[in-house]
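Undergrad: Below are the structure tokens for one structure; questions will follow.
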Amino acid sequence: MKLIIALVAVLSVAVVAVLAALSATPAIAMDPPLKAVGASTPVKVQVTDPYGIRQFTAVLEQNGVRSTVFEHHTPAHRLMFMRLREAPRTIGFPAGKQQAPALKNGKATLVIEAKSNDFLGRTVSASYDVNVVLEPPRLTLDEAQHYINQGGSELVTFTVSGDWSEAGVKVGLYTFRSFPQPGRPANERFSLFGFPWNLPVDTVPHVYARNAAGTEVTGRFWFKLFPKPFRTRDLEITDAFLDKVVNQIDPGGSGDLLTRFLRINSVLRKQNNQTLADLRSKTEERVLWNGPFTQLANSQVEAHFADVRNYIYKGKKVDQQVHLGYDLAVTQHVPVVAANDGRVAWASDLGIYGNCIVVDHGYGLQSIYGHLSRIDVKVGDIVKKGQSMGHSGSTGLAGGDHVHFSMQVDGVQVNPVEWFDEHWIHDRILSKLAVGSAASR
């Protein structure tokens with residue numbers, strides 16, 4: 001009997017040791033870390049434990065007062081936990097004054113605790129210093145009349161007060177930054193924005209302001225939208241065209257020419273347009289341009305902004321894409337000149353655009369020149385209106401020698417035509433900023 005009891009005791013100790021050895025320790029992560037909470041700020045915490053979480057608690061601490069803002073419990077699995085296998089999970093909950101009424105403006109600490117759902121049930125905690133921000137932003141908008149062309153640009157001015165960290169304009173899913181008005185306090189701002197060609201005409205643009213705690217307010221301004229028709233064109237593609245462009249853009253790629261072309265025309269096009277959009281971060285906070293923009297002299301327009309292209313191969317439609325610019329042609333290898341004063345933000349190959357130059361004109365306004373045969377400028381160069389930057393060509397997704405010219409506002413491509421009109425620039429843009437256009441500003 002004593003032997004049996006001893007064996008049972010040894011076996012029990014062994015089982016306990018094995019269960020303890022197999023037990024895990026939870027991991028808590030918040031990326032990016034929370035910096036502020038307000039009335040009710042959304043919080044997301046990633047918790048990793050192969051056996052899941054038995055208990056999760058979030059507490060706000062301030063001046064010795066602890067308030068539980070969220071907790072979650074799961075039935076315990078102390079013995080059979082080895083059968084569980086859980087992927088990392090994200091737990092979301094609100095945290096702020098609504099959940100912790102004693103909160104006041106100032107410093108606080110968010111404490112997260114997670115307990116493993118295994119034999120040992122180890123508990124870990126993580127603390128995050130946060131600012132409590134309870135005052136919302138406030139907006140005062142201009143009373144100007146804003147006439148907007150679908151696919152075009154516009155500018156609105158406004159004043160933001162209260163507690164705020166970010167402000168700008170939203171048009172559908174698109175967001176446009178704001179900048180301080182020249183010579184004015186930082187809270188007197190403007191936003192140069194576009195009304196993207198592909199948004200429904202009943203989309204209502206609005207100004208927004210947000211504080212560090214995520215509290216957001218919006219304001220409406222008077223506007224009238226002018227819908228614009230955009231063309232649809234069939235574009236015949238041949239084997240000779242496929243052989244030229246595919247092997248130039250994707251040398252050594254896998255698959256037949258048509259498959260590779262379709263991948264270039266969709267996946268690579270999206271990647272290249274994202275690269276262009278990301279150049280919004282490389283802008284100067286001043287007006288660099290001077291007077292109206294110009295296009296390639298004596299050029300013939302071969303494609304318009306927002307042309308919808310049906311790609312036809314051997315009588316069958318194989319793809320459809322939108323061409324966000326103008327194709328301009330004169331003769332082969334003509335000088336490509338800067339449409340206006342600015343600073344070169346990109347000067348290199350860019351996939352479907354071939355040899356490409358992007359010039360920043362300040363406040364998120366940029367011009368784009370594609371398919372060049374050669375580039376004669378480098379990133380950082382200051383260029384003047386009419387200055388040669390390279391020569392036209394047929395690099396990238398181009399069937400013949402021409403220049404792809406387009407413009408973008410804060411990363412969103414817009415119809416360049418408005419920017420060729422000096423009166424439009426004065427009335428819609430510069431008059432609202434009370435500045436003249438000159439690179440010296």
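Please note that chains go A, B, ... in the order of the structure tokens, that every chain numbers its residues from 1, and that ligands are numbered from 1 in the order shown.
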Tell me, counting only C-alpha atoms, for each residue of range 298-373 of chain A within 8 Å of range 272-287 of chain A, which pair of atoms is nearest and how far apart they are in Å to one decimal, in rows ordered by chain and increasing number, as a Markdown table.

TA:
| residue | atom | partner | partner_atom | distance |
| --- | --- | --- | --- | --- |
| A:Ala345 | CA | A:Lys282 | CA | 6.5 |
| A:Leu350 | CA | A:Asn272 | CA | 6.4 |
| A:Gly351 | CA | A:Asn272 | CA | 6.5 |
| A:Ile352 | CA | A:Asn272 | CA | 7.2 |
| A:Tyr353 | CA | A:Asn272 | CA | 8.0 |
| A:Asp360 | CA | A:Thr283 | CA | 5.9 |
| A:His361 | CA | A:Val287 | CA | 6.6 |
| A:Gly362 | CA | A:Glu284 | CA | 4.6 |
| A:Tyr363 | CA | A:Glu285 | CA | 5.1 |
| A:Gly364 | CA | A:Thr283 | CA | 5.5 |
| A:Leu365 | CA | A:Thr283 | CA | 7.7 |

Undergrad: Take the residues that were just selected and, keeping C-alpha atoms, output them as a compact mmCIF listing (two decimals), in the first residue's frame.

TA:
# COMPACT_ATOMS: atom_id res chain seq x y z
CA ALA A 345 10.87 64.92 -55.69
CA LEU A 350 8.74 53.92 -62.05
CA GLY A 351 7.33 50.77 -63.60
CA ILE A 352 4.46 51.54 -65.97
CA TYR A 353 5.53 55.21 -66.10
CA ASP A 360 6.87 69.36 -56.02
CA HIS A 361 5.26 72.80 -56.22
CA GLY A 362 4.51 73.16 -52.51
CA TYR A 363 1.57 72.45 -50.20
CA GLY A 364 1.10 68.94 -51.63
CA LEU A 365 0.75 70.05 -55.28

Undergrad: Can you check which parts of range 66-163 of chain A lie within 7 Å of range 21-37 of chain A? Per residue, the shortest pair of atoms and distance in Å to one decimal, counting only C-alpha atoms, sorted by chain and number, as CSV.

TA:
residue,atom,partner,partner_atom,distance
A:Ala95,CA,A:Val37,CA,6.6
A:Gly96,CA,A:Val37,CA,5.4
A:Ala114,CA,A:Pro26,CA,6.7
A:Lys115,CA,A:Pro26,CA,6.8
A:Ser116,CA,A:Pro26,CA,5.8
A:Asp118,CA,A:Ser23,CA,5.8
A:Phe119,CA,A:Ser23,CA,6.0
A:Leu120,CA,A:Ser23,CA,6.1
A:Arg122,CA,A:Thr25,CA,5.8
A:Val124,CA,A:Pro26,CA,6.5
A:Ala126,CA,A:Ile28,CA,6.9
A:Val130,CA,A:Ala36,CA,4.7
A:Asn131,CA,A:Ala36,CA,4.4
A:Val132,CA,A:Val37,CA,5.1
A:Val133,CA,A:Val37,CA,6.1

Undergrad: When distances are computed from only C-alpha atoms, which of A:Gly162, A:Pro50, A:Gly380, A:Gly386 shows the smallest separation from Phe293 in chain A?

TA: A:Gly386

Undergrad: List every residue of range 152-396 of chain A that DSSP, applied to the backbone of this structure, places in strand (DSSP E or B), and write the result as a compact mmCIF listing (two decimals) with N, CA and C atoms, in the first residue's frame.

TA:
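Everything below was put into part_17.txt:
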# COMPACT_ATOMS: atom_id res chain seq x y z
N SER A 153 -9.79 70.41 -58.35
CA SER A 153 -9.20 70.84 -57.07
C SER A 153 -9.97 72.02 -56.50
N GLU A 154 -9.79 72.26 -55.21
CA GLU A 154 -10.42 73.40 -54.53
C GLU A 154 -9.65 73.65 -53.23
N LEU A 155 -9.90 74.79 -52.62
CA LEU A 155 -9.23 75.16 -51.37
C LEU A 155 -10.24 75.76 -50.41
N VAL A 156 -10.15 75.34 -49.15
CA VAL A 156 -11.02 75.86 -48.10
C VAL A 156 -10.14 76.34 -46.94
N THR A 157 -10.55 77.42 -46.30
CA THR A 157 -9.84 77.93 -45.14
C THR A 157 -10.72 77.76 -43.90
N PHE A 158 -10.07 77.62 -42.75
CA PHE A 158 -10.83 77.43 -41.52
C PHE A 158 -9.92 77.71 -40.32
N THR A 159 -10.55 77.89 -39.16
CA THR A 159 -9.83 78.07 -37.91
C THR A 159 -10.20 76.94 -36.98
N VAL A 160 -9.19 76.34 -36.36
CA VAL A 160 -9.44 75.25 -35.41
C VAL A 160 -8.97 75.69 -34.03
N SER A 161 -9.77 75.40 -33.03
CA SER A 161 -9.44 75.78 -31.65
C SER A 161 -9.75 74.61 -30.73
N GLY A 162 -9.64 74.85 -29.42
CA GLY A 162 -9.79 73.75 -28.48
C GLY A 162 -8.54 72.88 -28.50
N GLU A 166 -4.76 67.28 -35.33
CA GLU A 166 -4.80 67.02 -36.77
C GLU A 166 -6.05 67.65 -37.34
N ALA A 167 -5.94 68.22 -38.55
CA ALA A 167 -7.10 68.83 -39.20
C ALA A 167 -6.90 68.81 -40.71
N GLY A 168 -8.00 68.77 -41.45
CA GLY A 168 -7.91 68.77 -42.90
C GLY A 168 -9.29 68.61 -43.51
N VAL A 169 -9.32 68.03 -44.71
CA VAL A 169 -10.57 67.82 -45.44
C VAL A 169 -10.71 66.35 -45.78
N LYS A 170 -11.92 65.83 -45.64
CA LYS A 170 -12.23 64.48 -46.08
C LYS A 170 -13.24 64.54 -47.21
N VAL A 171 -12.95 63.77 -48.28
CA VAL A 171 -13.87 63.64 -49.41
C VAL A 171 -14.04 62.15 -49.64
N TYR A 174 -11.08 59.66 -49.03
CA TYR A 174 -9.81 60.37 -49.21
C TYR A 174 -9.66 61.46 -48.13
N THR A 175 -8.43 61.61 -47.65
CA THR A 175 -8.13 62.61 -46.62
C THR A 175 -7.03 63.53 -47.13
N PHE A 176 -7.22 64.82 -46.96
CA PHE A 176 -6.26 65.83 -47.40
C PHE A 176 -5.82 66.65 -46.19
N ARG A 177 -4.52 66.83 -46.07
CA ARG A 177 -3.97 67.56 -44.93
C ARG A 177 -4.31 69.05 -45.00
N PHE A 179 -2.59 73.03 -43.81
CA PHE A 179 -1.36 73.75 -43.51
C PHE A 179 -1.72 75.10 -42.91
N PRO A 180 -0.81 75.69 -42.10
CA PRO A 180 -1.08 77.05 -41.60
C PRO A 180 -1.17 78.03 -42.76
N GLU A 188 -4.95 78.92 -37.82
CA GLU A 188 -5.67 79.44 -38.99
C GLU A 188 -5.11 78.71 -40.20
N ARG A 189 -5.91 77.82 -40.76
CA ARG A 189 -5.38 76.84 -41.69
C ARG A 189 -6.13 76.82 -43.01
N PHE A 190 -5.55 76.11 -43.97
CA PHE A 190 -6.21 75.88 -45.25
C PHE A 190 -5.92 74.45 -45.68
N SER A 191 -6.79 73.94 -46.53
CA SER A 191 -6.59 72.61 -47.11
C SER A 191 -6.83 72.69 -48.60
N LEU A 192 -5.80 72.36 -49.37
CA LEU A 192 -5.93 72.20 -50.82
C LEU A 192 -6.33 70.75 -51.05
N PHE A 193 -7.50 70.54 -51.63
CA PHE A 193 -8.01 69.17 -51.76
C PHE A 193 -8.54 68.92 -53.16
N GLY A 194 -8.72 67.67 -53.46
CA GLY A 194 -9.30 67.27 -54.74
C GLY A 194 -10.62 66.55 -54.54
N HIS A 206 -16.02 67.59 -46.36
CA HIS A 206 -16.17 68.29 -45.09
C HIS A 206 -14.81 68.48 -44.44
N VAL A 207 -14.70 69.49 -43.62
CA VAL A 207 -13.50 69.74 -42.82
C VAL A 207 -13.61 68.91 -41.54
N TYR A 208 -12.48 68.40 -41.08
CA TYR A 208 -12.47 67.66 -39.83
C TYR A 208 -11.31 68.15 -38.96
N ALA A 209 -11.44 67.97 -37.66
CA ALA A 209 -10.35 68.21 -36.71
C ALA A 209 -10.42 67.12 -35.66
N ARG A 210 -9.25 66.61 -35.26
CA ARG A 210 -9.19 65.49 -34.32
C ARG A 210 -8.15 65.81 -33.25
N GLU A 216 -13.17 63.48 -32.72
CA GLU A 216 -13.18 64.16 -34.01
C GLU A 216 -14.47 64.96 -34.18
N VAL A 217 -14.32 66.17 -34.71
CA VAL A 217 -15.47 67.00 -35.07
C VAL A 217 -15.36 67.33 -36.55
N THR A 218 -16.51 67.61 -37.17
CA THR A 218 -16.53 67.94 -38.59
C THR A 218 -17.33 69.20 -38.82
N GLY A 219 -17.08 69.84 -39.95
CA GLY A 219 -17.80 71.05 -40.33
C GLY A 219 -18.05 71.06 -41.82
N PHE A 223 -20.63 74.44 -51.05
CA PHE A 223 -19.96 74.04 -52.29
C PHE A 223 -20.99 73.66 -53.34
N LYS A 224 -20.56 73.74 -54.57
CA LYS A 224 -21.36 73.28 -55.70
C LYS A 224 -20.45 72.43 -56.58
N LEU A 225 -20.87 71.20 -56.84
CA LEU A 225 -20.08 70.29 -57.65
C LEU A 225 -20.59 70.28 -59.09
N PHE A 226 -19.65 70.32 -60.03
CA PHE A 226 -19.98 70.23 -61.45
C PHE A 226 -19.55 68.85 -61.95
N THR A 232 -14.73 56.66 -72.36
CA THR A 232 -14.35 55.25 -72.39
C THR A 232 -13.82 54.95 -73.78
N ARG A 233 -12.64 54.34 -73.83
CA ARG A 233 -11.99 54.07 -75.11
C ARG A 233 -11.49 52.63 -75.15
N ASP A 234 -11.61 52.02 -76.32
CA ASP A 234 -11.00 50.70 -76.54
C ASP A 234 -9.57 50.89 -77.00
N LEU A 235 -8.66 50.11 -76.42
CA LEU A 235 -7.25 50.20 -76.78
C LEU A 235 -6.79 48.83 -77.24
N GLU A 236 -6.48 48.74 -78.53
CA GLU A 236 -6.04 47.48 -79.11
C GLU A 236 -4.60 47.20 -78.72
N GLN A 300 0.08 67.27 -79.22
CA GLN A 300 -1.22 66.69 -79.55
C GLN A 300 -1.66 65.81 -78.39
N VAL A 301 -2.89 66.02 -77.93
CA VAL A 301 -3.42 65.24 -76.82
C VAL A 301 -3.91 63.90 -77.35
N GLU A 302 -3.28 62.83 -76.89
CA GLU A 302 -3.65 61.49 -77.35
C GLU A 302 -4.53 60.75 -76.35
N ALA A 303 -4.53 61.20 -75.10
CA ALA A 303 -5.39 60.60 -74.07
C ALA A 303 -5.69 61.67 -73.03
N ASP A 307 -9.58 58.84 -68.60
CA ASP A 307 -10.08 57.97 -69.66
C ASP A 307 -10.17 56.53 -69.13
N VAL A 308 -11.31 55.91 -69.33
CA VAL A 308 -11.46 54.49 -68.99
C VAL A 308 -11.05 53.69 -70.22
N ARG A 309 -10.05 52.85 -70.05
CA ARG A 309 -9.51 52.11 -71.18
C ARG A 309 -9.90 50.64 -71.11
N ASN A 310 -10.54 50.17 -72.19
CA ASN A 310 -10.78 48.75 -72.37
C ASN A 310 -9.65 48.19 -73.22
N TYR A 311 -8.91 47.24 -72.68
CA TYR A 311 -7.79 46.66 -73.42
C TYR A 311 -8.30 45.46 -74.22
N ILE A 312 -8.14 45.54 -75.55
CA ILE A 312 -8.67 44.53 -76.46
C ILE A 312 -7.51 43.75 -77.06
N TYR A 313 -7.55 42.42 -76.86
CA TYR A 313 -6.50 41.56 -77.41
C TYR A 313 -7.16 40.47 -78.25
N LYS A 316 -10.91 40.40 -78.06
CA LYS A 316 -11.53 40.13 -76.77
C LYS A 316 -11.05 41.14 -75.73
N LYS A 317 -11.98 41.65 -74.92
CA LYS A 317 -11.61 42.54 -73.83
C LYS A 317 -10.93 41.73 -72.73
N VAL A 318 -9.69 42.11 -72.38
CA VAL A 318 -8.93 41.34 -71.39
C VAL A 318 -8.67 42.13 -70.12
N ASP A 319 -8.91 43.45 -70.14
CA ASP A 319 -8.64 44.25 -68.94
C ASP A 319 -9.31 45.61 -69.09
N GLN A 320 -9.45 46.30 -67.97
CA GLN A 320 -9.95 47.68 -67.97
C GLN A 320 -9.22 48.45 -66.87
N GLN A 321 -8.67 49.59 -67.22
CA GLN A 321 -7.97 50.45 -66.27
C GLN A 321 -8.31 51.90 -66.57
N VAL A 322 -7.96 52.78 -65.64
CA VAL A 322 -8.23 54.20 -65.79
C VAL A 322 -6.91 54.93 -65.94
N HIS A 323 -6.84 55.80 -66.94
CA HIS A 323 -5.63 56.56 -67.26
C HIS A 323 -5.73 57.92 -66.60
N TYR A 326 -2.69 63.04 -68.95
CA TYR A 326 -2.76 63.36 -70.37
C TYR A 326 -1.57 62.74 -71.06
N ASP A 327 -1.79 62.15 -72.23
CA ASP A 327 -0.70 61.71 -73.08
C ASP A 327 -0.49 62.77 -74.14
N LEU A 328 0.72 63.34 -74.17
CA LEU A 328 1.03 64.47 -75.06
C LEU A 328 2.15 64.06 -76.00
N ALA A 329 1.97 64.29 -77.29
CA ALA A 329 2.97 63.90 -78.27
C ALA A 329 3.25 65.05 -79.23
N PRO A 335 12.33 67.92 -75.90
CA PRO A 335 12.59 68.29 -74.51
C PRO A 335 11.31 68.30 -73.68
N VAL A 336 11.39 67.73 -72.49
CA VAL A 336 10.27 67.75 -71.54
C VAL A 336 10.58 68.83 -70.51
N VAL A 337 9.72 69.86 -70.43
CA VAL A 337 10.01 71.02 -69.59
C VAL A 337 9.12 71.01 -68.35
N GLY A 342 9.53 74.60 -59.11
CA GLY A 342 9.39 73.62 -58.04
C GLY A 342 10.70 72.92 -57.74
N ARG A 343 10.60 71.86 -56.96
CA ARG A 343 11.75 71.06 -56.57
C ARG A 343 11.50 69.61 -56.95
N VAL A 344 12.49 68.94 -57.54
CA VAL A 344 12.34 67.57 -58.00
C VAL A 344 12.21 66.64 -56.80
N ALA A 345 11.12 65.87 -56.78
CA ALA A 345 10.87 64.92 -55.69
C ALA A 345 11.13 63.48 -56.11
N TRP A 346 11.14 63.20 -57.42
CA TRP A 346 11.40 61.86 -57.94
C TRP A 346 12.05 62.02 -59.30
N ALA A 347 13.08 61.20 -59.60
CA ALA A 347 13.72 61.22 -60.91
C ALA A 347 14.35 59.86 -61.14
N SER A 348 13.53 58.90 -61.56
CA SER A 348 14.01 57.53 -61.70
C SER A 348 12.96 56.71 -62.44
N ASP A 349 13.27 55.44 -62.66
CA ASP A 349 12.30 54.54 -63.27
C ASP A 349 11.13 54.30 -62.31
N ASN A 355 10.81 55.96 -67.28
CA ASN A 355 11.60 57.03 -66.69
C ASN A 355 10.67 58.18 -66.32
N CYS A 356 10.64 58.52 -65.04
CA CYS A 356 9.59 59.41 -64.53
C CYS A 356 10.21 60.50 -63.66
N ILE A 357 9.64 61.71 -63.77
CA ILE A 357 10.03 62.84 -62.93
C ILE A 357 8.79 63.35 -62.22
N VAL A 358 8.93 63.65 -60.94
CA VAL A 358 7.86 64.31 -60.17
C VAL A 358 8.44 65.59 -59.59
N VAL A 359 7.73 66.70 -59.82
CA VAL A 359 8.16 68.00 -59.31
C VAL A 359 7.18 68.47 -58.25
N ASP A 360 7.70 68.83 -57.10
CA ASP A 360 6.87 69.36 -56.02
C ASP A 360 6.75 70.86 -56.16
N LEU A 365 1.03 69.99 -53.84
CA LEU A 365 0.75 70.05 -55.28
C LEU A 365 1.99 69.58 -56.03
N GLN A 366 1.82 68.56 -56.90
CA GLN A 366 2.96 67.99 -57.62
C GLN A 366 2.58 67.65 -59.05
N SER A 367 3.55 67.78 -59.97
CA SER A 367 3.34 67.42 -61.37
C SER A 367 4.19 66.20 -61.72
N ILE A 368 3.68 65.38 -62.66
CA ILE A 368 4.26 64.07 -62.97
C ILE A 368 4.51 63.98 -64.48
N TYR A 369 5.70 63.48 -64.86
CA TYR A 369 6.11 63.38 -66.26
C TYR A 369 6.63 61.96 -66.48
N GLY A 370 5.96 61.19 -67.34
CA GLY A 370 6.32 59.80 -67.53
C GLY A 370 6.74 59.45 -68.94
N HIS A 371 7.34 58.26 -69.10
CA HIS A 371 7.76 57.65 -70.37
C HIS A 371 8.97 58.33 -71.00
N LEU A 372 9.76 59.05 -70.22
CA LEU A 372 10.90 59.79 -70.78
C LEU A 372 11.97 58.84 -71.31
N ARG A 374 15.11 59.94 -71.40
CA ARG A 374 16.24 60.21 -70.52
C ARG A 374 15.83 61.28 -69.51
N ILE A 375 16.53 61.27 -68.38
CA ILE A 375 16.28 62.21 -67.29
C ILE A 375 17.54 63.04 -67.06
N ILE A 382 16.25 72.33 -57.93
CA ILE A 382 15.26 73.38 -58.14
C ILE A 382 15.11 73.59 -59.64
N VAL A 383 13.88 73.56 -60.13
CA VAL A 383 13.63 73.77 -61.56
C VAL A 383 12.72 74.98 -61.74
N SER A 388 14.13 72.55 -69.31
CA SER A 388 14.18 71.17 -69.79
C SER A 388 14.67 70.25 -68.67
N MET A 389 13.97 69.14 -68.49
CA MET A 389 14.33 68.17 -67.45
C MET A 389 14.70 66.81 -68.04
N GLY A 390 14.49 66.65 -69.34
CA GLY A 390 14.77 65.37 -69.98
C GLY A 390 14.15 65.39 -71.37
N HIS A 391 13.97 64.20 -71.96
CA HIS A 391 13.40 64.10 -73.29
C HIS A 391 12.30 63.03 -73.31
N GLY A 393 9.90 59.94 -74.63
CA GLY A 393 10.31 58.61 -75.06
C GLY A 393 9.16 57.64 -75.01
